[in-house]
file entry-v4.cif (mmCIF, C-alpha atoms)
data_work
loop_
_atom_site.group_PDB
_atom_site.id
_atom_site.type_symbol
_atom_site.label_atom_id
_atom_site.label_comp_id
_atom_site.auth_asym_id
_atom_site.auth_seq_id
_atom_site.Cartn_x
_atom_site.Cartn_y
_atom_site.Cartn_z
ATOM 1 C CA MET A 1 -20.606 26.313 -151.720
ATOM 2 C CA THR A 2 -20.150 29.454 -149.631
ATOM 3 C CA ALA A 3 -18.903 29.403 -146.041
ATOM 4 C CA ALA A 4 -22.411 30.169 -144.784
ATOM 5 C CA GLU A 5 -23.859 27.336 -146.889
ATOM 6 C CA ASP A 6 -21.183 24.930 -145.664
ATOM 7 C CA LEU A 7 -21.967 25.886 -142.077
ATOM 8 C CA THR A 8 -25.681 25.327 -142.628
ATOM 9 C CA ALA A 9 -25.325 22.092 -144.586
ATOM 10 C CA ALA A 10 -23.011 20.258 -142.159
ATOM 11 C CA VAL A 11 -24.747 17.472 -140.224
ATOM 12 C CA GLN A 12 -22.146 15.479 -138.324
ATOM 13 C CA PRO A 13 -21.041 17.334 -135.158
ATOM 14 C CA LYS A 14 -17.354 17.133 -136.091
ATOM 15 C CA ALA A 15 -18.051 18.779 -139.447
ATOM 16 C CA VAL A 16 -20.240 21.438 -137.831
ATOM 17 C CA VAL A 17 -17.557 22.336 -135.285
ATOM 18 C CA LEU A 18 -14.874 22.498 -137.974
ATOM 19 C CA ALA A 19 -17.057 24.730 -140.179
ATOM 20 C CA ALA A 20 -17.733 26.966 -137.171
ATOM 21 C CA GLY A 21 -14.021 27.196 -136.438
ATOM 22 C CA GLU A 22 -13.285 28.145 -140.032
ATOM 23 C CA TRP A 23 -16.032 30.780 -139.913
ATOM 24 C CA LEU A 24 -14.628 32.278 -136.710
ATOM 25 C CA GLY A 25 -11.114 32.191 -138.119
ATOM 26 C CA ARG A 26 -12.222 34.358 -141.030
ATOM 27 C CA ALA A 27 -14.342 36.649 -138.842
ATOM 28 C CA LEU A 28 -11.496 37.266 -136.389
ATOM 29 C CA GLU A 29 -8.696 37.436 -138.946
ATOM 30 C CA PRO A 30 -8.625 41.271 -138.800
ATOM 31 C CA ALA A 31 -7.709 40.927 -135.107
ATOM 32 C CA GLY A 32 -4.816 38.647 -136.032
ATOM 33 C CA PHE A 33 -6.359 35.257 -135.238
ATOM 34 C CA ARG A 34 -6.286 32.192 -137.459
ATOM 35 C CA LEU A 35 -7.691 28.712 -137.064
ATOM 36 C CA ILE A 36 -5.309 25.814 -136.368
ATOM 37 C CA PRO A 37 -7.624 23.043 -137.685
ATOM 38 C CA ASN A 38 -5.781 20.002 -136.313
ATOM 39 C CA ARG A 39 -5.806 21.574 -132.843
ATOM 40 C CA MET A 40 -9.217 23.215 -133.137
ATOM 41 C CA ARG A 41 -8.052 26.489 -131.748
ATOM 42 C CA LEU A 42 -7.829 30.106 -132.807
ATOM 43 C CA GLU A 43 -4.412 31.608 -132.343
ATOM 44 C CA ARG A 44 -2.433 34.785 -132.829
ATOM 45 C CA ARG A 45 1.060 35.946 -131.926
ATOM 46 C CA VAL A 46 1.749 39.245 -130.186
ATOM 47 C CA GLY A 47 5.475 39.711 -129.695
ATOM 48 C CA ALA A 48 6.727 36.835 -127.547
ATOM 49 C CA LEU A 49 3.193 35.856 -126.547
ATOM 50 C CA VAL A 50 0.695 33.475 -128.089
ATOM 51 C CA HIS A 51 -3.028 34.124 -127.576
ATOM 52 C CA GLN A 52 -5.197 31.026 -127.920
ATOM 53 C CA VAL A 53 -8.912 30.210 -127.958
ATOM 54 C CA HIS A 54 -9.701 26.495 -127.777
ATOM 55 C CA LEU A 55 -12.912 25.174 -129.333
ATOM 56 C CA GLN A 56 -14.088 22.110 -127.444
ATOM 57 C CA ALA A 57 -16.903 19.984 -128.856
ATOM 58 C CA SER A 58 -19.318 18.737 -126.211
ATOM 59 C CA ARG A 59 -19.134 15.009 -125.533
ATOM 60 C CA TYR A 60 -22.933 14.975 -125.684
ATOM 61 C CA ASN A 61 -23.045 16.110 -129.321
ATOM 62 C CA ARG A 62 -25.238 13.987 -131.569
ATOM 63 C CA ALA A 63 -26.140 14.513 -135.229
ATOM 64 C CA ASN A 64 -29.569 16.120 -135.665
ATOM 65 C CA GLN A 65 -29.965 16.307 -131.866
ATOM 66 C CA ILE A 66 -27.439 18.603 -130.237
ATOM 67 C CA VAL A 67 -24.224 20.329 -131.289
ATOM 68 C CA ARG A 68 -22.539 22.584 -128.745
ATOM 69 C CA VAL A 69 -19.043 24.011 -128.496
ATOM 70 C CA GLY A 70 -17.289 25.140 -125.340
ATOM 71 C CA THR A 71 -14.430 27.642 -125.381
ATOM 72 C CA MET A 72 -11.326 28.257 -123.295
ATOM 73 C CA LEU A 73 -8.683 30.933 -123.668
ATOM 74 C CA ASN A 74 -5.094 31.251 -122.532
ATOM 75 C CA VAL A 75 -1.892 33.179 -122.947
ATOM 76 C CA ARG A 76 1.436 31.450 -123.523
ATOM 77 C CA ASP A 77 5.031 32.687 -123.553
ATOM 78 C CA GLY A 78 7.887 30.680 -125.042
ATOM 79 C CA VAL A 79 10.430 32.744 -123.113
ATOM 80 C CA LEU A 80 8.699 31.671 -119.890
ATOM 81 C CA ARG A 81 9.204 28.012 -120.791
ATOM 82 C CA GLU A 82 12.942 28.553 -121.021
ATOM 83 C CA TRP A 83 12.960 30.512 -117.754
ATOM 84 C CA ARG A 84 11.118 27.679 -115.996
ATOM 85 C CA ARG A 85 13.583 25.122 -117.293
ATOM 86 C CA GLY A 86 16.371 27.200 -115.793
ATOM 87 C CA ASN A 87 14.593 27.526 -112.432
ATOM 88 C CA GLN A 88 13.029 24.103 -111.972
ATOM 89 C CA GLU A 89 13.625 23.971 -108.224
ATOM 90 C CA SER A 90 11.493 27.116 -107.769
ATOM 91 C CA VAL A 91 8.568 26.424 -110.087
ATOM 92 C CA VAL A 92 5.543 24.143 -110.018
ATOM 93 C CA PRO A 93 5.572 21.601 -112.886
ATOM 94 C CA PRO A 94 5.035 21.379 -115.744
ATOM 95 C CA ALA A 95 7.820 23.600 -117.051
ATOM 96 C CA ASP A 96 5.725 24.740 -120.011
ATOM 97 C CA ASP A 97 4.839 28.102 -121.571
ATOM 98 C CA PHE A 98 1.465 28.639 -119.829
ATOM 99 C CA VAL A 99 0.895 32.122 -118.358
ATOM 100 C CA CYS A 100 -2.812 32.135 -117.534
ATOM 101 C CA GLY A 101 -6.148 30.899 -118.811
ATOM 102 C CA HIS A 102 -9.716 29.918 -118.003
ATOM 103 C CA LEU A 103 -13.114 29.331 -119.570
ATOM 104 C CA LEU A 104 -13.855 32.040 -122.114
ATOM 105 C CA GLY A 105 -17.284 32.673 -120.597
ATOM 106 C CA TYR A 106 -15.697 34.348 -117.577
ATOM 107 C CA ALA A 107 -14.297 37.022 -119.890
ATOM 108 C CA SER A 108 -17.465 37.494 -121.918
ATOM 109 C CA GLY A 109 -18.932 40.530 -120.186
ATOM 110 C CA ARG A 110 -18.315 44.232 -120.560
ATOM 111 C CA ALA A 111 -14.571 44.798 -120.506
ATOM 112 C CA GLY A 112 -13.136 47.230 -117.974
ATOM 113 C CA GLY A 113 -16.219 47.408 -115.778
ATOM 114 C CA TYR A 114 -15.814 43.854 -114.465
ATOM 115 C CA LEU A 115 -19.415 42.948 -115.181
ATOM 116 C CA TYR A 116 -18.364 39.596 -116.503
ATOM 117 C CA GLY A 117 -20.162 36.530 -117.640
ATOM 118 C CA ASP A 118 -20.751 33.017 -116.419
ATOM 119 C CA ALA A 119 -18.807 29.940 -117.491
ATOM 120 C CA LEU A 120 -21.564 28.885 -119.893
ATOM 121 C CA ASP A 121 -21.573 32.271 -121.628
ATOM 122 C CA GLY A 122 -18.655 31.050 -123.708
ATOM 123 C CA ASP A 123 -20.629 28.100 -125.114
ATOM 124 C CA ILE A 124 -22.020 28.213 -128.651
ATOM 125 C CA ASP A 125 -25.177 26.277 -129.515
ATOM 126 C CA LEU A 126 -24.938 25.141 -133.139
ATOM 127 C CA THR A 127 -27.781 22.631 -133.061
ATOM 128 C CA ASP A 128 -30.180 24.529 -135.326
ATOM 129 C CA PRO A 129 -28.578 24.853 -138.794
ATOM 130 C CA LEU A 130 -30.554 28.009 -139.543
ATOM 131 C CA MET A 131 -29.284 29.730 -136.374
ATOM 132 C CA ARG A 132 -25.599 28.840 -136.636
ATOM 133 C CA TRP A 133 -24.515 31.935 -138.516
ATOM 134 C CA GLN A 134 -26.383 34.277 -136.158
ATOM 135 C CA ARG A 135 -24.961 32.629 -133.051
ATOM 136 C CA LEU A 136 -21.430 32.706 -134.383
ATOM 137 C CA GLU A 137 -21.850 36.350 -135.327
ATOM 138 C CA ALA A 138 -23.051 37.129 -131.799
ATOM 139 C CA PHE A 139 -20.032 35.281 -130.417
ATOM 140 C CA ALA A 140 -17.683 37.234 -132.680
ATOM 141 C CA VAL A 141 -19.213 40.543 -131.551
ATOM 142 C CA MET A 142 -18.783 39.561 -127.901
ATOM 143 C CA PHE A 143 -15.226 38.456 -128.637
ATOM 144 C CA ARG A 144 -14.279 41.809 -130.123
ATOM 145 C CA GLN A 145 -15.900 43.764 -127.309
ATOM 146 C CA ALA A 146 -14.756 41.744 -124.292
ATOM 147 C CA VAL A 147 -12.247 39.019 -125.105
ATOM 148 C CA LEU A 148 -9.789 41.169 -127.049
ATOM 149 C CA PRO A 149 -9.501 43.523 -124.028
ATOM 150 C CA TRP A 150 -9.053 40.432 -121.836
ATOM 151 C CA PHE A 151 -6.021 39.461 -123.902
ATOM 152 C CA ASP A 152 -4.692 43.014 -123.586
ATOM 153 C CA GLU A 153 -4.834 42.739 -119.797
ATOM 154 C CA ALA A 154 -3.641 39.154 -119.581
ATOM 155 C CA GLY A 155 -0.607 39.845 -121.748
ATOM 156 C CA ASP A 156 0.549 42.905 -119.806
ATOM 157 C CA PRO A 157 2.768 42.244 -116.734
ATOM 158 C CA GLU A 158 1.758 45.626 -115.331
ATOM 159 C CA ARG A 159 -1.988 44.911 -115.551
ATOM 160 C CA ILE A 160 -2.434 41.194 -115.106
ATOM 161 C CA ALA A 161 -2.113 41.292 -111.311
ATOM 162 C CA SER A 162 -5.362 43.269 -111.111
ATOM 163 C CA SER A 163 -7.148 41.609 -114.012
ATOM 164 C CA ARG A 164 -10.037 39.231 -114.604
ATOM 165 C CA ALA A 165 -7.474 36.826 -116.032
ATOM 166 C CA GLY A 166 -5.669 36.785 -112.707
ATOM 167 C CA ASP A 167 -8.914 36.304 -110.786
ATOM 168 C CA CYS A 168 -10.039 33.237 -112.738
ATOM 169 C CA THR A 169 -6.870 31.599 -114.016
ATOM 170 C CA ASN A 170 -6.667 27.883 -113.319
ATOM 171 C CA ARG A 171 -2.952 28.094 -112.419
ATOM 172 C CA PRO A 172 -2.308 31.142 -110.210
ATOM 173 C CA SER A 173 1.204 29.901 -109.442
ATOM 174 C CA ALA A 174 1.975 30.065 -113.168
ATOM 175 C CA LEU A 175 1.005 33.727 -113.224
ATOM 176 C CA VAL A 176 3.352 34.427 -110.313
ATOM 177 C CA GLU A 177 6.143 32.635 -112.146
ATOM 178 C CA TRP A 178 5.523 34.752 -115.235
ATOM 179 C CA LEU A 179 5.736 37.950 -113.203
ATOM 180 C CA ALA A 180 8.997 36.759 -111.671
ATOM 181 C CA SER A 181 10.371 35.884 -115.117
ATOM 182 C CA ARG A 182 9.554 39.427 -116.277
ATOM 183 C CA ASP A 183 11.252 41.043 -113.245
ATOM 184 C CA GLN A 184 7.887 42.124 -111.867
ATOM 185 C CA GLU A 185 8.279 40.710 -108.349
ATOM 186 C CA ALA A 186 6.807 43.876 -106.841
ATOM 187 C CA ARG A 187 3.452 43.064 -108.463
ATOM 188 C CA ILE A 188 3.297 39.572 -106.991
ATOM 189 C CA GLY A 189 2.174 40.910 -103.607
ATOM 190 C CA THR A 190 -0.612 42.870 -105.286
ATOM 191 C CA TYR A 191 -1.774 39.771 -107.085
ATOM 192 C CA VAL A 192 -1.665 37.484 -104.059
ATOM 193 C CA HIS A 193 -3.617 39.951 -101.910
ATOM 194 C CA ARG A 194 -6.304 40.238 -104.599
ATOM 195 C CA TYR A 195 -6.434 36.503 -105.259
ATOM 196 C CA LEU A 196 -6.881 35.590 -101.610
ATOM 197 C CA ALA A 197 -9.518 38.287 -101.108
ATOM 198 C CA ARG A 198 -11.503 36.963 -104.075
ATOM 199 C CA THR A 199 -11.060 33.243 -103.351
ATOM 200 C CA PRO A 200 -12.928 32.263 -100.162
ATOM 201 C CA GLY A 201 -11.271 29.463 -98.219
ATOM 202 C CA ALA A 202 -7.911 29.766 -99.999
ATOM 203 C CA GLN A 203 -5.972 31.440 -97.169
ATOM 204 C CA GLN A 204 -5.274 28.315 -95.110
ATOM 205 C CA GLN A 205 -4.000 26.263 -98.040
ATOM 206 C CA TYR A 206 -1.972 29.233 -99.251
ATOM 207 C CA GLU A 207 -0.261 29.450 -95.858
ATOM 208 C CA THR A 208 0.337 25.686 -95.892
ATOM 209 C CA GLY A 209 2.061 25.932 -99.253
ATOM 210 C CA ARG A 210 4.071 28.925 -98.193
ATOM 211 C CA ALA A 211 5.257 27.136 -95.053
ATOM 212 C CA LYS A 212 6.384 24.173 -97.156
ATOM 213 C CA GLY A 213 8.310 26.479 -99.463
ATOM 214 C CA GLU A 214 9.935 28.336 -96.596
ATOM 215 C CA ALA A 215 10.924 24.999 -95.035
ATOM 216 C CA GLY A 216 12.758 24.083 -98.213
ATOM 217 C CA LEU A 217 10.377 21.321 -99.260
ATOM 218 C CA SER A 218 10.135 20.565 -102.970
ATOM 219 C CA HIS A 219 7.038 20.838 -105.129
ATOM 220 C CA ALA A 220 6.695 17.060 -104.810
ATOM 221 C CA GLU A 221 5.448 17.670 -101.249
ATOM 222 C CA LEU A 222 2.459 19.705 -102.465
ATOM 223 C CA GLN A 223 -1.043 18.292 -102.684
ATOM 224 C CA GLY A 224 -1.695 17.679 -106.345
ATOM 225 C CA GLY A 225 -4.217 20.083 -107.839
ATOM 226 C CA ASP A 226 -4.445 22.471 -104.870
ATOM 227 C CA MET A 227 -4.025 25.855 -106.569
ATOM 228 C CA ALA A 228 -3.811 27.912 -103.371
ATOM 229 C CA GLU A 229 -1.144 25.678 -101.852
ATOM 230 C CA ALA A 230 0.900 25.800 -105.050
ATOM 231 C CA LEU A 231 0.560 29.573 -105.078
ATOM 232 C CA GLY A 232 1.874 29.873 -101.507
ATOM 233 C CA TRP A 233 4.808 27.597 -102.309
ATOM 234 C CA SER A 234 5.673 29.626 -105.406
ATOM 235 C CA VAL A 235 5.577 32.904 -103.490
ATOM 236 C CA ALA A 236 7.898 31.475 -100.821
ATOM 237 C CA LYS A 237 10.343 30.273 -103.452
ATOM 238 C CA LEU A 238 10.302 33.298 -105.742
ATOM 239 C CA THR A 239 9.726 36.227 -103.383
ATOM 240 C CA PRO A 240 10.752 35.142 -99.870
ATOM 241 C CA SER A 241 10.667 38.746 -98.628
ATOM 242 C CA LEU A 242 6.897 39.076 -99.106
#

call {"tool": "encode", "arguments": {"input": "entry-v4.cif", "output": "structure tokens"}}
result
Amino acid sequence: MTAAEDLTAAVQPKAVVLAAGEWLGRALEPAGFRLIPNRMRLERRVGALVHQVHLQASRYNRANQIVRVGTMLNVRDGVLREWRRGNQESVVPPADDFVCGHLLGYASGRAGGYLYGDALDGDIDLTDPLMRWQRLEAFAVMFRQAVLPWFDEAGDPERIASSRAGDCTNRPSALVEWLASRDQEARIGTYVHRYLARTPGAQQQYETGRAKGEAGLSHAELQGGDMAEALGWSVAKLTPSL
């Protein structure tokens, strides 16, 4: 059975998603990606960085009714993990290797012109067996045109501060930590100015976090999940002169 036949013949959502992941792994292999089946993600290594695309089956999937896949992307750096472990009093947990990431749909538009997509633009509808190949092909075309340039920006300390990745990342404090770990403190101010300008309502919580950092309070004093507050705290800890 060919890959296309396997993709068409699969009925159970888990089998459909796996077949789709295998198809994408082959389609994007020339760009360096491969499927990690037990993690359901596409991955490639670029120097010290790891580029990942996570394939997330919808919880509403039902055989012969609906099969949809959501996608997220991120950049990771093993060197950053070690740097965080050596600077735990100045970083927001967890001390992992995460640089930046968000829903793939936000990166799905025309690269460079910042005419980007919506969150749902990264979803793939695999419900109709006869349309699966076409929809995966369309996704792969979009990936080559827009997501590969996203990874180029997100993996470059000199460009990430002014990138779509920086705008939408779900851990802006992690991005600041990465810049600090790469001796790019001068770019942190550029990033913070852009982030606050593009995130309505974030200024007050940012200032709250910064005040806590300047007062010497630990990350345990931050409100859990408040990205702007964590960002302000990180800036105070890592670049007190800003």

call {"tool": "closest_residue", "arguments": {"input": "entry-v4.cif", "among": "A:Leu196, A:Cys100, A:Val176, A:Ile188", "to": "A:Ser241", "atoms": "all atoms listed in the file"}}
result
A:Ile188

call {"tool": "residues_around", "arguments": {"input": "entry-v4.cif", "residues": "stretch 218-222 of chain A", "least_positions_apart": "3", "cutoff": "10 Å", "atoms": "only C-alpha atoms", "output": "PyMOL selection string"}}
result
chain A and resi 88-93+208-209+212-213+215+225-227+229-230+233-234+237

call {"tool": "atom_distance", "arguments": {"input": "entry-v4.cif", "atom1": "atom CA of A:Ala228", "atom2": "atom CA of A:Gly201"}}
result
9.2 Å

call {"tool": "resolve_selection", "arguments": {"input": "entry-v4.cif", "expression": "the PyMOL selection byres ((chain A and resi 19) around 12)", "output": "JSON, numbers by chain"}}
result
{"A": [2, 3, 4, 5, 6, 7, 8, 9, 10, 11, 12, 13, 14, 15, 16, 17, 18, 20, 21, 22, 23, 24, 25, 26, 35, 37, 40, 55, 69, 126, 129, 132, 133, 136]}

call {"tool": "write_last_selection", "arguments": {"input": "entry-v4.cif", "atoms": "C-alpha atoms", "output": "PDB file, in the coordinates of the input"}}
result
ATOM      1  CA  THR A   2     -20.150  29.454-149.631  1.00  0.00           C
ATOM      2  CA  ALA A   3     -18.903  29.403-146.041  1.00  0.00           C
ATOM      3  CA  ALA A   4     -22.411  30.169-144.784  1.00  0.00           C
ATOM      4  CA  GLU A   5     -23.859  27.336-146.889  1.00  0.00           C
ATOM      5  CA  ASP A   6     -21.183  24.930-145.664  1.00  0.00           C
ATOM      6  CA  LEU A   7     -21.967  25.886-142.077  1.00  0.00           C
ATOM      7  CA  THR A   8     -25.681  25.327-142.628  1.00  0.00           C
ATOM      8  CA  ALA A   9     -25.325  22.092-144.586  1.00  0.00           C
ATOM      9  CA  ALA A  10     -23.011  20.258-142.159  1.00  0.00           C
ATOM     10  CA  VAL A  11     -24.747  17.472-140.224  1.00  0.00           C
ATOM     11  CA  GLN A  12     -22.146  15.479-138.324  1.00  0.00           C
ATOM     12  CA  PRO A  13     -21.041  17.334-135.158  1.00  0.00           C
ATOM     13  CA  LYS A  14     -17.354  17.133-136.091  1.00  0.00           C
ATOM     14  CA  ALA A  15     -18.051  18.779-139.447  1.00  0.00           C
ATOM     15  CA  VAL A  16     -20.240  21.438-137.831  1.00  0.00           C
ATOM     16  CA  VAL A  17     -17.557  22.336-135.285  1.00  0.00           C
ATOM     17  CA  LEU A  18     -14.874  22.498-137.974  1.00  0.00           C
ATOM     18  CA  ALA A  20     -17.733  26.966-137.171  1.00  0.00           C
ATOM     19  CA  GLY A  21     -14.021  27.196-136.438  1.00  0.00           C
ATOM     20  CA  GLU A  22     -13.285  28.145-140.032  1.00  0.00           C
ATOM     21  CA  TRP A  23     -16.032  30.780-139.913  1.00  0.00           C
ATOM     22  CA  LEU A  24     -14.628  32.278-136.710  1.00  0.00           C
ATOM     23  CA  GLY A  25     -11.114  32.191-138.119  1.00  0.00           C
ATOM     24  CA  ARG A  26     -12.222  34.358-141.030  1.00  0.00           C
ATOM     25  CA  LEU A  35      -7.691  28.712-137.064  1.00  0.00           C
ATOM     26  CA  PRO A  37      -7.624  23.043-137.685  1.00  0.00           C
ATOM     27  CA  MET A  40      -9.217  23.215-133.137  1.00  0.00           C
ATOM     28  CA  LEU A  55     -12.912  25.174-129.333  1.00  0.00           C
ATOM     29  CA  VAL A  69     -19.043  24.011-128.496  1.00  0.00           C
ATOM     30  CA  LEU A 126     -24.938  25.141-133.139  1.00  0.00           C
ATOM     31  CA  PRO A 129     -28.578  24.853-138.794  1.00  0.00           C
ATOM     32  CA  ARG A 132     -25.599  28.840-136.636  1.00  0.00           C
ATOM     33  CA  TRP A 133     -24.515  31.935-138.516  1.00  0.00           C
ATOM     34  CA  LEU A 136     -21.430  32.706-134.383  1.00  0.00           C
TER      35      LEU A 136
END

call {"tool": "residues_around", "arguments": {"input": "entry-v4.cif", "residues": "A:Trp150", "least_positions_apart": "3", "cutoff": "9 Å", "atoms": "all atoms listed in the file", "output": "PyMOL selection string"}}
result
chain A and resi 107-108+111-112+146-147+153-155+163-165

call {"tool": "atom_distance", "arguments": {"input": "entry-v4.cif", "atom1": "atom CA of A:Pro200", "atom2": "atom CA of A:Arg76"}}
result
27.4 Å

call {"tool": "residues_around", "arguments": {"input": "entry-v4.cif", "residues": "A:Gly47", "least_positions_apart": "3", "cutoff": "12 Å", "atoms": "all atoms listed in the file", "output": "PDB file with C-alpha atoms, in the coordinates of the input"}}
result
ATOM      1  CA  ARG A  44      -2.433  34.785-132.829  1.00  0.00           C
ATOM      2  CA  VAL A  50       0.695  33.475-128.089  1.00  0.00           C
ATOM      3  CA  HIS A  51      -3.028  34.124-127.576  1.00  0.00           C
ATOM      4  CA  VAL A  75      -1.892  33.179-122.947  1.00  0.00           C
ATOM      5  CA  ARG A  76       1.436  31.450-123.523  1.00  0.00           C
ATOM      6  CA  ASP A  77       5.031  32.687-123.553  1.00  0.00           C
ATOM      7  CA  GLY A  78       7.887  30.680-125.042  1.00  0.00           C
ATOM      8  CA  VAL A  79      10.430  32.744-123.113  1.00  0.00           C
ATOM      9  CA  GLY A 155      -0.607  39.845-121.748  1.00  0.00           C
ATOM     10  CA  ASP A 156       0.549  42.905-119.806  1.00  0.00           C
TER      11      ASP A 156
END

call {"tool": "closest_residue", "arguments": {"input": "entry-v4.cif", "among": "A:Asp96, A:Glu177, A:Asp123, A:Glu43", "to": "A:Met142", "atoms": "only C-alpha atoms"}}
result
A:Asp123

call {"tool": "resolve_selection", "arguments": {"input": "entry-v4.cif", "expression": "the PyMOL selection byres ((chain A and resi 175) around 9)", "output": "list in words"}}
result
Phe98, Val99, Cys100, Ile160, Ala161, Gly166, Thr169, Arg171, Pro172, Ser173, Ala174, Val176, Glu177, Trp178, Leu179, Ala180 and Ile188 of chain A

call {"tool": "atom_distance", "arguments": {"input": "entry-v4.cif", "atom1": "atom CA of A:His193", "atom2": "atom CA of A:Tyr106"}}
result
20.6 Å

call {"tool": "closest_residue", "arguments": {"input": "entry-v4.cif", "among": "A:Val46, A:Val67, A:Cys168, A:Ala27", "to": "A:Ile124", "atoms": "all atoms listed in the file"}}
result
A:Val67

call {"tool": "decode", "arguments": {"input": "entry-v4.cif", "residues": "stretch 89-108 of chain A", "atoms": "N, CA and C atoms", "output": "PDB file, in the first residue's frame"}}
result
ATOM      1  N   GLU A  89      18.371  32.099  39.861  1.00  0.00           N
ATOM      2  CA  GLU A  89      17.789  33.199  40.627  1.00  0.00           C
ATOM      3  C   GLU A  89      17.332  34.344  39.725  1.00  0.00           C
ATOM      4  N   SER A  90      17.704  34.299  38.447  1.00  0.00           N
ATOM      5  CA  SER A  90      17.375  35.396  37.522  1.00  0.00           C
ATOM      6  C   SER A  90      16.480  34.966  36.371  1.00  0.00           C
ATOM      7  N   VAL A  91      15.961  33.743  36.435  1.00  0.00           N
ATOM      8  CA  VAL A  91      15.105  33.267  35.350  1.00  0.00           C
ATOM      9  C   VAL A  91      13.773  32.768  35.898  1.00  0.00           C
ATOM     10  N   VAL A  92      12.775  32.791  35.016  1.00  0.00           N
ATOM     11  CA  VAL A  92      11.437  32.317  35.389  1.00  0.00           C
ATOM     12  C   VAL A  92      11.365  30.819  35.089  1.00  0.00           C
ATOM     13  N   PRO A  93      11.025  29.982  36.075  1.00  0.00           N
ATOM     14  CA  PRO A  93      10.917  28.542  35.802  1.00  0.00           C
ATOM     15  C   PRO A  93       9.868  28.254  34.726  1.00  0.00           C
ATOM     16  N   PRO A  94      10.031  27.098  34.049  1.00  0.00           N
ATOM     17  CA  PRO A  94      11.020  26.046  34.297  1.00  0.00           C
ATOM     18  C   PRO A  94      12.360  26.347  33.619  1.00  0.00           C
ATOM     19  N   ALA A  95      13.407  25.753  34.146  1.00  0.00           N
ATOM     20  CA  ALA A  95      14.744  25.935  33.575  1.00  0.00           C
ATOM     21  C   ALA A  95      14.940  24.938  32.442  1.00  0.00           C
ATOM     22  N   ASP A  96      14.156  25.113  31.375  1.00  0.00           N
ATOM     23  CA  ASP A  96      14.199  24.181  30.247  1.00  0.00           C
ATOM     24  C   ASP A  96      14.910  24.819  29.056  1.00  0.00           C
ATOM     25  N   ASP A  97      14.697  24.249  27.869  1.00  0.00           N
ATOM     26  CA  ASP A  97      15.414  24.709  26.674  1.00  0.00           C
ATOM     27  C   ASP A  97      14.540  25.545  25.752  1.00  0.00           C
ATOM     28  N   PHE A  98      13.363  25.971  26.205  1.00  0.00           N
ATOM     29  CA  PHE A  98      12.405  26.692  25.363  1.00  0.00           C
ATOM     30  C   PHE A  98      12.887  28.110  25.066  1.00  0.00           C
ATOM     31  N   VAL A  99      12.900  28.461  23.769  1.00  0.00           N
ATOM     32  CA  VAL A  99      13.240  29.822  23.332  1.00  0.00           C
ATOM     33  C   VAL A  99      11.974  30.611  23.032  1.00  0.00           C
ATOM     34  N   CYS A 100      11.163  30.112  22.122  1.00  0.00           N
ATOM     35  CA  CYS A 100       9.912  30.774  21.771  1.00  0.00           C
ATOM     36  C   CYS A 100       9.010  29.786  21.047  1.00  0.00           C
ATOM     37  N   GLY A 101       7.720  30.122  20.978  1.00  0.00           N
ATOM     38  CA  GLY A 101       6.792  29.263  20.265  1.00  0.00           C
ATOM     39  C   GLY A 101       5.373  29.767  20.378  1.00  0.00           C
ATOM     40  N   HIS A 102       4.530  29.302  19.468  1.00  0.00           N
ATOM     41  CA  HIS A 102       3.111  29.663  19.464  1.00  0.00           C
ATOM     42  C   HIS A 102       2.382  28.787  18.463  1.00  0.00           C
ATOM     43  N   LEU A 103       1.085  29.001  18.323  1.00  0.00           N
ATOM     44  CA  LEU A 103       0.315  28.255  17.332  1.00  0.00           C
ATOM     45  C   LEU A 103       0.877  28.509  15.936  1.00  0.00           C
ATOM     46  N   LEU A 104       0.987  27.453  15.153  1.00  0.00           N
ATOM     47  CA  LEU A 104       1.570  27.595  13.818  1.00  0.00           C
ATOM     48  C   LEU A 104       0.763  28.541  12.930  1.00  0.00           C
ATOM     49  N   GLY A 105      -0.546  28.594  13.137  1.00  0.00           N
ATOM     50  CA  GLY A 105      -1.388  29.443  12.302  1.00  0.00           C
ATOM     51  C   GLY A 105      -0.946  30.889  12.274  1.00  0.00           C
ATOM     52  N   TYR A 106      -0.381  31.383  13.376  1.00  0.00           N
ATOM     53  CA  TYR A 106       0.054  32.777  13.420  1.00  0.00           C
ATOM     54  C   TYR A 106       1.224  33.046  12.477  1.00  0.00           C
ATOM     55  N   ALA A 107       1.913  31.997  12.071  1.00  0.00           N
ATOM     56  CA  ALA A 107       3.054  32.149  11.168  1.00  0.00           C
ATOM     57  C   ALA A 107       2.718  31.740   9.743  1.00  0.00           C
ATOM     58  N   SER A 108       1.440  31.538   9.455  1.00  0.00           N
ATOM     59  CA  SER A 108       1.064  30.899   8.193  1.00  0.00           C
ATOM     60  C   SER A 108       0.917  31.841   7.008  1.00  0.00           C
TER      61      SER A 108
END
